[in-house]
file data-v4.txt (compact mmCIF, C-alpha atoms and all ligand atoms)
# COMPACT_ATOMS: atom_id res chain seq x y z
CA MET A 126 -90.94 140.89 42.44
CA GLU A 127 -90.24 137.28 41.34
CA ALA A 128 -86.90 137.95 39.65
CA PRO A 129 -83.85 136.47 41.40
CA ILE A 130 -80.96 138.22 43.12
CA GLY A 131 -77.63 137.44 41.47
CA VAL A 132 -74.57 136.62 43.58
CA ILE A 133 -71.05 136.26 42.16
CA ASP A 134 -67.66 135.23 43.47
CA SER A 135 -64.42 133.79 42.17
CA GLY A 136 -65.56 130.45 43.66
CA VAL A 137 -67.33 129.16 46.75
CA GLY A 138 -66.57 132.20 48.94
CA GLY A 139 -69.81 134.00 48.08
CA LEU A 140 -71.70 131.12 49.69
CA THR A 141 -70.91 132.81 53.01
CA VAL A 142 -73.10 135.71 51.83
CA VAL A 143 -75.75 133.29 50.51
CA LYS A 144 -75.85 131.68 53.97
CA GLU A 145 -76.83 135.02 55.51
CA MET A 146 -79.34 135.67 52.70
CA LEU A 147 -81.07 132.36 53.39
CA LYS A 148 -81.34 133.31 57.09
CA ARG A 149 -82.54 136.87 56.68
CA LEU A 150 -84.29 136.93 53.30
CA PRO A 151 -85.46 133.33 52.91
CA ASN A 152 -88.14 134.10 50.29
CA GLU A 153 -85.76 135.70 47.82
CA PRO A 154 -84.74 133.55 44.84
CA ILE A 155 -80.96 133.41 44.34
CA VAL A 156 -78.90 132.61 41.31
CA TYR A 157 -75.18 132.26 41.98
CA ILE A 158 -72.11 132.05 39.80
CA GLY A 159 -68.77 130.86 41.18
CA ASP A 160 -65.87 131.17 38.76
CA ASP A 161 -64.07 128.21 40.33
CA ALA A 162 -62.24 127.34 37.10
CA ARG A 163 -60.34 130.65 37.31
CA CYS A 164 -60.11 130.93 41.10
CA PRO A 165 -58.18 132.43 42.87
CA TYR A 166 -58.70 136.01 41.71
CA GLY A 167 -56.43 137.33 44.47
CA PRO A 168 -53.13 137.08 42.55
CA ARG A 169 -54.61 138.19 39.18
CA SER A 170 -54.20 141.56 37.48
CA THR A 171 -56.81 144.28 37.93
CA GLN A 172 -57.75 143.99 34.27
CA GLU A 173 -58.35 140.23 34.49
CA VAL A 174 -60.51 140.55 37.60
CA GLN A 175 -62.52 143.33 35.95
CA GLU A 176 -63.03 141.23 32.79
CA PHE A 177 -64.06 138.09 34.67
CA THR A 178 -66.43 140.04 36.93
CA MET A 179 -68.10 141.66 33.92
CA GLU A 180 -68.50 138.22 32.32
CA MET A 181 -70.31 136.87 35.39
CA ALA A 182 -72.50 139.96 35.69
CA THR A 183 -73.38 139.74 31.98
CA ALA A 184 -74.34 136.07 32.30
CA LEU A 185 -76.63 136.90 35.23
CA SER A 186 -78.15 139.93 33.51
CA LYS A 187 -79.34 137.50 30.80
CA MET A 188 -81.15 135.59 33.57
CA ASP A 189 -83.07 138.78 34.38
CA ILE A 190 -81.79 139.38 37.90
CA LYS A 191 -83.27 142.31 39.84
CA MET A 192 -80.08 143.04 41.79
CA LEU A 193 -76.45 141.88 41.92
CA ILE A 194 -74.23 141.19 44.91
CA ILE A 195 -70.50 141.09 44.15
CA ALA A 196 -69.79 138.68 47.01
CA CYS A 197 -66.06 138.84 46.40
CA ASN A 198 -63.83 141.45 47.99
CA THR A 199 -61.18 141.19 45.28
CA ALA A 200 -63.77 141.88 42.55
CA THR A 201 -65.51 144.55 44.63
CA ALA A 202 -62.18 146.35 45.10
CA VAL A 203 -61.51 146.76 41.38
CA ALA A 204 -64.76 146.21 39.46
CA LEU A 205 -67.70 147.55 41.51
CA ASP A 206 -67.86 150.97 39.83
CA GLU A 207 -67.54 149.56 36.32
CA VAL A 208 -70.27 146.94 36.87
CA ARG A 209 -72.54 149.54 38.48
CA GLU A 210 -72.19 151.87 35.51
CA HIS A 211 -72.86 149.13 33.01
CA PHE A 212 -76.10 147.52 34.25
CA PRO A 213 -79.53 148.95 35.07
CA PHE A 214 -80.08 146.90 38.27
CA PRO A 215 -78.62 147.85 41.69
CA VAL A 216 -75.16 146.39 42.35
CA ILE A 217 -73.60 146.09 45.80
CA GLY A 218 -70.19 144.99 46.98
CA VAL A 219 -68.90 143.64 50.28
CA ILE A 220 -66.15 146.09 51.27
CA VAL A 221 -68.13 149.10 52.53
CA PRO A 222 -70.45 146.83 54.58
CA GLY A 223 -67.41 144.97 56.02
CA ALA A 224 -65.68 148.22 56.95
CA ARG A 225 -68.88 149.49 58.56
CA GLY A 226 -69.25 146.31 60.64
CA ALA A 227 -65.65 146.56 61.82
CA VAL A 228 -65.86 150.24 62.75
CA LYS A 229 -69.07 149.55 64.71
CA ALA A 230 -67.44 146.66 66.58
CA SER A 231 -64.04 148.21 67.37
CA LYS A 232 -63.58 149.98 70.70
CA THR A 233 -59.98 151.03 70.06
CA GLY A 234 -60.13 151.94 66.34
CA LYS A 235 -57.32 149.44 65.74
CA ILE A 236 -58.40 147.05 63.03
CA ALA A 237 -56.69 144.19 61.19
CA VAL A 238 -57.76 143.47 57.63
CA LEU A 239 -57.18 139.99 56.22
CA GLY A 240 -57.62 139.69 52.48
CA THR A 241 -56.24 138.52 49.16
CA VAL A 242 -53.18 140.16 47.63
CA GLY A 243 -55.48 142.03 45.20
CA THR A 244 -57.74 143.37 47.94
CA ILE A 245 -54.89 144.40 50.23
CA ASN A 246 -52.94 146.09 47.41
CA SER A 247 -56.05 148.02 46.31
CA HIS A 248 -56.27 149.74 49.76
CA ALA A 249 -60.06 149.61 49.33
CA TYR A 250 -60.56 148.63 52.98
CA ASP A 251 -58.21 151.36 54.23
CA ASP A 252 -60.24 153.92 52.27
CA ALA A 253 -63.60 152.56 53.42
CA ILE A 254 -62.52 152.39 57.08
CA ARG A 255 -60.92 155.86 57.06
CA THR A 256 -64.05 157.39 55.53
CA LEU A 257 -65.91 156.26 58.64
CA LEU A 258 -63.08 156.61 61.16
CA PRO A 259 -60.32 158.95 59.94
CA ASN A 260 -57.95 158.15 62.83
CA ALA A 261 -58.21 154.38 62.57
CA THR A 262 -55.04 152.29 62.86
CA ILE A 263 -55.16 149.62 60.18
CA HIS A 264 -53.07 146.47 59.98
CA PRO A 265 -53.53 144.96 56.50
CA LEU A 266 -52.40 141.39 55.85
CA ALA A 267 -52.55 139.41 52.61
CA CYS A 268 -53.25 135.72 53.24
CA PRO A 269 -52.80 134.10 49.82
CA ASP A 270 -52.77 130.53 51.16
CA PHE A 271 -56.27 130.55 52.69
CA VAL A 272 -58.40 130.49 49.49
CA PRO A 273 -56.79 127.31 48.05
CA ILE A 274 -57.57 125.32 51.23
CA VAL A 275 -61.20 126.43 51.06
CA GLU A 276 -61.61 125.78 47.32
CA SER A 277 -60.10 122.30 47.68
CA GLY A 278 -62.65 121.47 50.39
CA LEU A 279 -59.88 120.92 52.97
CA TYR A 280 -60.98 123.71 55.31
CA LYS A 281 -61.82 121.30 58.13
CA SER A 282 -58.51 119.43 58.00
CA GLU A 283 -55.68 119.57 60.55
CA ASN A 284 -53.46 120.93 57.80
CA ALA A 285 -55.80 123.94 57.44
CA SER A 286 -55.07 124.98 61.02
CA GLY A 287 -51.32 124.97 60.29
CA VAL A 288 -51.76 126.96 57.06
CA VAL A 289 -53.83 129.58 58.89
CA LYS A 290 -51.38 129.80 61.79
CA LYS A 291 -48.50 130.43 59.37
CA GLY A 292 -50.54 132.93 57.36
CA LEU A 293 -51.25 135.05 60.44
CA VAL A 294 -47.61 135.38 61.57
CA GLY A 295 -47.51 138.90 60.08
CA LEU A 296 -49.90 140.11 62.78
CA ALA A 297 -47.71 138.98 65.68
CA GLY A 298 -47.05 141.83 68.11
CA LYS A 299 -49.67 144.10 66.46
CA ASP A 300 -52.39 145.63 68.61
CA PHE A 301 -56.00 145.44 67.35
CA ASP A 302 -59.38 144.47 68.77
CA VAL A 303 -61.18 143.66 65.51
CA ALA A 304 -60.13 141.58 62.50
CA ILE A 305 -62.09 141.82 59.25
CA LEU A 306 -62.40 138.72 57.11
CA GLY A 307 -61.82 140.74 53.96
CA CYS A 308 -62.30 137.75 51.69
CA THR A 309 -65.58 135.88 51.48
CA HIS A 310 -63.77 132.53 51.51
CA TYR A 311 -62.34 133.13 54.99
CA PRO A 312 -65.47 132.47 57.10
CA LEU A 313 -65.00 128.81 56.20
CA VAL A 314 -61.71 128.86 58.17
CA GLN A 315 -62.95 131.32 60.79
CA HIS A 316 -62.60 128.82 63.65
CA HIS A 317 -58.90 128.39 62.77
CA ILE A 318 -58.40 132.16 62.45
CA GLN A 319 -60.04 132.78 65.83
CA ALA A 320 -57.90 130.07 67.41
CA HIS A 321 -54.68 131.73 66.23
CA LEU A 322 -55.55 135.32 67.17
CA PRO A 323 -55.66 136.75 70.72
CA SER A 324 -58.99 135.88 72.35
CA LYS A 325 -59.97 139.57 72.77
CA VAL A 326 -60.08 139.99 68.98
CA GLN A 327 -63.57 140.09 67.50
CA ILE A 328 -63.86 138.72 63.99
CA ILE A 329 -66.11 140.51 61.50
CA SER A 330 -67.25 139.07 58.21
CA SER A 331 -68.97 141.37 55.76
CA ALA A 332 -71.76 138.90 55.00
CA VAL A 333 -74.14 140.03 57.77
CA GLU A 334 -73.76 143.76 57.00
CA THR A 335 -74.01 143.15 53.25
CA VAL A 336 -77.36 141.42 53.66
CA PHE A 337 -78.64 144.41 55.69
CA ASP A 338 -77.84 146.54 52.62
CA VAL A 339 -79.56 144.07 50.30
CA GLU A 340 -82.70 144.23 52.42
CA ARG A 341 -82.63 148.03 52.50
CA ILE A 342 -82.31 148.27 48.72
CA LEU A 343 -85.09 145.73 48.11
CA LEU A 344 -87.40 147.75 50.34
CA SER A 345 -86.46 151.17 49.01
CA LYS A 346 -86.89 150.06 45.39
CA ASN A 347 -90.02 148.11 46.22
CA ILE A 348 -88.68 144.93 44.60
CA THR A 349 -89.01 142.51 47.52
CA ARG A 350 -90.61 139.16 46.66
CA ASP A 351 -94.00 139.01 48.36
CA ASP A 352 -94.69 135.31 47.89
CA SER A 353 -93.65 133.39 51.01
CA SER A 354 -93.14 130.03 49.26
CA LYS A 355 -89.48 129.03 49.18
CA VAL A 356 -87.53 128.86 45.92
CA ALA A 357 -84.35 126.74 45.92
CA PRO A 358 -81.23 128.69 44.93
CA ILE A 359 -79.55 127.79 41.65
CA PHE A 360 -75.77 127.56 41.71
CA TYR A 361 -73.60 127.76 38.62
CA THR A 362 -69.91 126.99 38.65
CA THR A 363 -67.33 127.27 35.88
CA GLY A 364 -65.45 124.45 37.64
CA GLN A 365 -66.22 120.97 38.96
CA THR A 366 -69.88 120.61 39.94
CA GLN A 367 -69.21 117.71 42.36
CA GLN A 368 -66.70 119.65 44.47
CA PHE A 369 -68.95 122.71 44.51
CA LEU A 370 -71.96 120.60 45.48
CA SER A 371 -70.14 119.02 48.45
CA ILE A 372 -69.25 122.48 49.79
CA VAL A 373 -72.85 123.75 49.33
CA GLU A 374 -74.17 120.68 51.18
CA ASP A 375 -71.70 121.12 54.00
CA TRP A 376 -71.72 124.92 54.39
CA LEU A 377 -75.36 125.70 53.60
CA ALA A 378 -76.82 122.40 54.82
CA ILE A 379 -78.90 122.07 51.63
CA LYS A 380 -79.61 118.49 50.59
CA LYS A 381 -79.20 117.82 46.85
CA PRO A 382 -78.60 121.46 45.85
CA ASP A 383 -79.18 122.52 42.25
CA VAL A 384 -75.58 122.90 41.00
CA ARG A 385 -75.01 123.37 37.28
CA HIS A 386 -72.01 123.98 35.07
CA ILE A 387 -71.65 127.25 33.16
CA MET A 388 -69.18 128.46 30.53
CA LEU A 389 -68.48 132.17 30.53
N1 LIG B 401 -63.68 135.31 47.74
C1 LIG B 401 -62.90 136.30 47.12
C2 LIG B 401 -62.72 137.53 47.95
O1 LIG B 401 -63.60 137.83 48.72
C3 LIG B 401 -61.77 135.94 46.23
C4 LIG B 401 -60.74 135.01 46.63
C5 LIG B 401 -59.83 134.73 45.46
O2 LIG B 401 -60.35 134.30 44.43
O3 LIG B 401 -58.62 134.95 45.57
O4 LIG B 401 -61.76 138.24 47.85

call {"tool": "encode", "arguments": {"input": "data-v4.txt", "output": "structure tokens", "more": "lines below"}}
Ligand code: DGL
result
Amino acid sequence: MEAPIGVIDSGVGGLTVVKEMLKRLPNEPIVYIGDDARCPYGPRSTQEVQEFTMEMATALSKMDIKMLIIACNTATAVALDEVREHFPFPVIGVIVPGARGAVKASKTGKIAVLGTVGTINSHAYDDAIRTLLPNATIHPLACPDFVPIVESGLYKSENASGVVKKGLVGLAGKDFDVAILGCTHYPLVQHHIQAHLPSKVQIISSAVETVFDVERILLSKNITRDDSSKVAPIFYTTGQTQQFLSIVEDWLAIKKPDVRHIML
């Protein structure tokens, strides 16, 4: 099926899921919306996040997508069910796949969850982990300062390392062998996170597991694209195209990506 797969996030975070898509499902056309003008979603009310998520999904439904990935934990936590009910195409989020990846990787059942204030307060990860592992010990931590350093493009700076170190102080003295990057922006600062956690801790991002689910749904619904010619992804942002483009070039190693502005 030629129709594209839609991917949405509050900003550039969903590009971490796109990166895995390009590796594993390189023939699938992608159309992405990042709501950078209203990012971060983490501190916003449930109602706002639900409204904004519906707006992005509606815009993509008009582009005739065959499937939607809510590549944002904050939006997945509060809007997945509503979006699923509203549209005819399959919709997947990133929290259940992330929880599954963490439970698979953990030997002790002691898991740290890093996320936005919205995601942590929703307890969506606690629920998803406990469904799979009822006796899990979970250490949730909101890291509100990480998204702004990623959105501003400063994720490689020295300052970023300091911001991450400070943000992780809440985990000092806690025992866990797996940490979930429960926000799709965080893989861009993963090297800093790894550096400031004990070396035995394995870091899990939901992107890899999410793309397994995408592949499974494409196959089960028989909507995989058969043509093996590549189609360049199209990226829409509600914010500054230049800033978005620099992050796409850097993170996805795409030269001259197709980045366009969109109003929702
Ligand atoms: N990337 C998003 C997430 O996975 C949202 C970050 C934000 O906008 O606060 O939660």

call {"tool": "residues_near_ligand", "arguments": {"input": "data-v4.txt", "ligand": "ligand LIG 401 (chain B)", "cutoff": "7 Å", "atoms": "only C-alpha atoms and all ligand atoms", "output": "PyMOL selection string"}}
result
chain A and resi 134-136+138-139+164-168+196-200+240-241+244+272+307-310

call {"tool": "residues_around", "arguments": {"input": "data-v4.txt", "residues": "Glu180 in chain A", "least_positions_apart": "6", "cutoff": "12 Å", "atoms": "all atoms listed in the file", "output": "list in words"}}
result
Ile133, Asp134, Ser135, Ile158, Gly159, Asp160, Glu173, Val174, Ser186, Lys187, Ala200, Ala204, Val208, His211, Thr363, Ile387, Met388 and Leu389 of chain A

call {"tool": "closest_residue", "arguments": {"input": "data-v4.txt", "among": "A:Val132, A:Gly218, A:Lys229, A:Pro265", "to": "Met181 in chain A", "atoms": "all atoms listed in the file"}}
result
A:Val132

call {"tool": "atom_distance", "arguments": {"input": "data-v4.txt", "atom1": "CA of Pro269 in chain A", "atom2": "CA of Gly243 in chain A"}}
result
9.6 Å

call {"tool": "closest_residue", "arguments": {"input": "data-v4.txt", "among": "A:Tyr157, A:Glu145, A:Ile305, A:Ala230", "to": "Ile194 in chain A", "atoms": "all atoms listed in the file"}}
result
A:Tyr157

call {"tool": "atom_distance", "arguments": {"input": "data-v4.txt", "atom1": "CA of Glu276 in chain A", "atom2": "CA of Asp161 in chain A"}}
result
7.8 Å

call {"tool": "closest_residue", "arguments": {"input": "data-v4.txt", "among": "A:His317, A:Arg209, A:Arg169, A:His386", "to": "Ile195 in chain A", "atoms": "all atoms listed in the file"}}
result
A:Arg209

call {"tool": "closest_residue", "arguments": {"input": "data-v4.txt", "among": "A:Met146, A:Val333, A:Ser345, A:Ile217", "to": "Leu306 in chain A", "atoms": "only C-alpha atoms"}}
result
A:Val333

call {"tool": "atom_distance", "arguments": {"input": "data-v4.txt", "atom1": "CA of Ser170 in chain A", "atom2": "CA of Phe212 in chain A"}}
result
22.9 Å

call {"tool": "closest_residue", "arguments": {"input": "data-v4.txt", "among": "A:Lys144, A:Glu127, A:Ser353, A:Cys268", "to": "Ala378 in chain A", "atoms": "all atoms listed in the file"}}
result
A:Lys144

call {"tool": "residues_near_point", "arguments": {"input": "data-v4.txt", "point": "(-64.3, 124.1, 62.0)", "cutoff": "9 Å", "atoms": "all atoms listed in the file", "output": "MDAnalysis selection string"}}
result
chainID A and resid 280:282 313:317

call {"tool": "residues_around", "arguments": {"input": "data-v4.txt", "residues": "Asn260 in chain A", "least_positions_apart": "5", "cutoff": "12 Å", "atoms": "all atoms listed in the file", "output": "list of chain:residue names"}}
result
A:Val228, A:Thr233, A:Gly234, A:Lys235, A:Ile236, A:Asp251, A:Asp252, A:Ile254, A:Arg255

call {"tool": "residues_around", "arguments": {"input": "data-v4.txt", "residues": "Ala237 in chain A", "least_positions_apart": "2", "cutoff": "8 Å", "atoms": "only C-alpha atoms", "output": "PyMOL selection string"}}
result
chain A and resi 235+239+263-266+301+303-305

call {"tool": "closest_residue", "arguments": {"input": "data-v4.txt", "among": "A:Gly292, A:Gly226, A:Pro312, A:Gly278", "to": "Ser371 in chain A", "atoms": "all atoms listed in the file"}}
result
A:Gly278

call {"tool": "decode", "arguments": {"input": "data-v4.txt", "residues": "range 139-210 of chain A", "atoms": "C-alpha atoms", "output": "compact mmCIF listing (two decimals), in the first residue's frame"}}
result
# COMPACT_ATOMS: atom_id res chain seq x y z
CA GLY A 139 9.60 11.44 17.40
CA LEU A 140 12.59 11.53 15.06
CA THR A 141 14.10 8.88 17.34
CA VAL A 142 11.26 6.58 16.22
CA VAL A 143 11.68 7.67 12.58
CA LYS A 144 15.36 6.72 12.83
CA GLU A 145 14.38 3.14 13.70
CA MET A 146 11.70 3.13 10.97
CA LEU A 147 14.27 4.10 8.35
CA LYS A 148 16.50 1.21 9.51
CA ARG A 149 13.86 -1.49 9.74
CA LEU A 150 11.16 -0.43 7.29
CA PRO A 151 13.10 1.63 4.75
CA ASN A 152 10.48 1.34 1.97
CA GLU A 153 7.66 2.83 4.00
CA PRO A 154 6.77 6.46 3.23
CA ILE A 155 6.64 8.65 6.35
CA VAL A 156 4.89 11.91 7.01
CA TYR A 157 5.79 13.53 10.32
CA ILE A 158 4.36 16.39 12.33
CA GLY A 159 6.32 17.99 15.17
CA ASP A 160 4.38 20.56 17.17
CA ASP A 161 7.54 22.48 18.02
CA ALA A 162 5.69 25.79 18.39
CA ARG A 163 3.82 24.38 21.42
CA CYS A 164 6.57 22.13 22.77
CA PRO A 165 7.06 21.04 25.55
CA TYR A 166 3.86 19.08 26.17
CA GLY A 167 5.24 17.70 29.45
CA PRO A 168 4.06 20.55 31.71
CA ARG A 169 0.70 21.04 29.91
CA SER A 170 -2.73 19.97 31.12
CA THR A 171 -4.23 16.65 30.02
CA GLN A 172 -6.90 18.50 28.07
CA GLU A 173 -4.37 20.59 26.13
CA VAL A 174 -2.26 17.56 25.23
CA GLN A 175 -5.39 15.70 24.09
CA GLU A 176 -6.51 18.66 21.94
CA PHE A 177 -3.10 19.17 20.33
CA THR A 178 -2.70 15.45 19.65
CA MET A 179 -6.12 15.31 17.98
CA GLU A 180 -5.17 18.31 15.84
CA MET A 181 -2.03 16.59 14.57
CA ALA A 182 -3.85 13.31 13.95
CA THR A 183 -6.61 15.17 12.06
CA ALA A 184 -4.06 16.97 9.87
CA LEU A 185 -2.43 13.64 9.00
CA SER A 186 -5.74 11.89 8.37
CA LYS A 187 -6.33 14.48 5.63
CA MET A 188 -3.06 13.30 4.06
CA ASP A 189 -4.54 9.79 3.84
CA ILE A 190 -2.16 7.99 6.18
CA LYS A 191 -2.59 4.22 6.57
CA MET A 192 -1.42 4.14 10.19
CA LEU A 193 -0.44 6.58 12.96
CA ILE A 194 2.39 6.37 15.46
CA ILE A 195 2.03 8.66 18.49
CA ALA A 196 5.80 8.96 18.95
CA CYS A 197 5.37 10.99 22.12
CA ASN A 198 5.03 9.40 25.55
CA THR A 199 3.21 12.40 27.01
CA ALA A 200 0.57 12.27 24.26
CA THR A 201 0.40 8.47 24.35
CA ALA A 202 -0.25 8.59 28.11
CA VAL A 203 -3.35 10.78 27.83
CA ALA A 204 -4.61 10.69 24.23
CA LEU A 205 -4.00 7.22 22.75
CA ASP A 206 -7.48 5.84 23.48
CA GLU A 207 -9.27 8.94 22.23
CA VAL A 208 -7.29 9.06 18.96
CA ARG A 209 -7.80 5.33 18.44
CA GLU A 210 -11.56 5.65 18.84
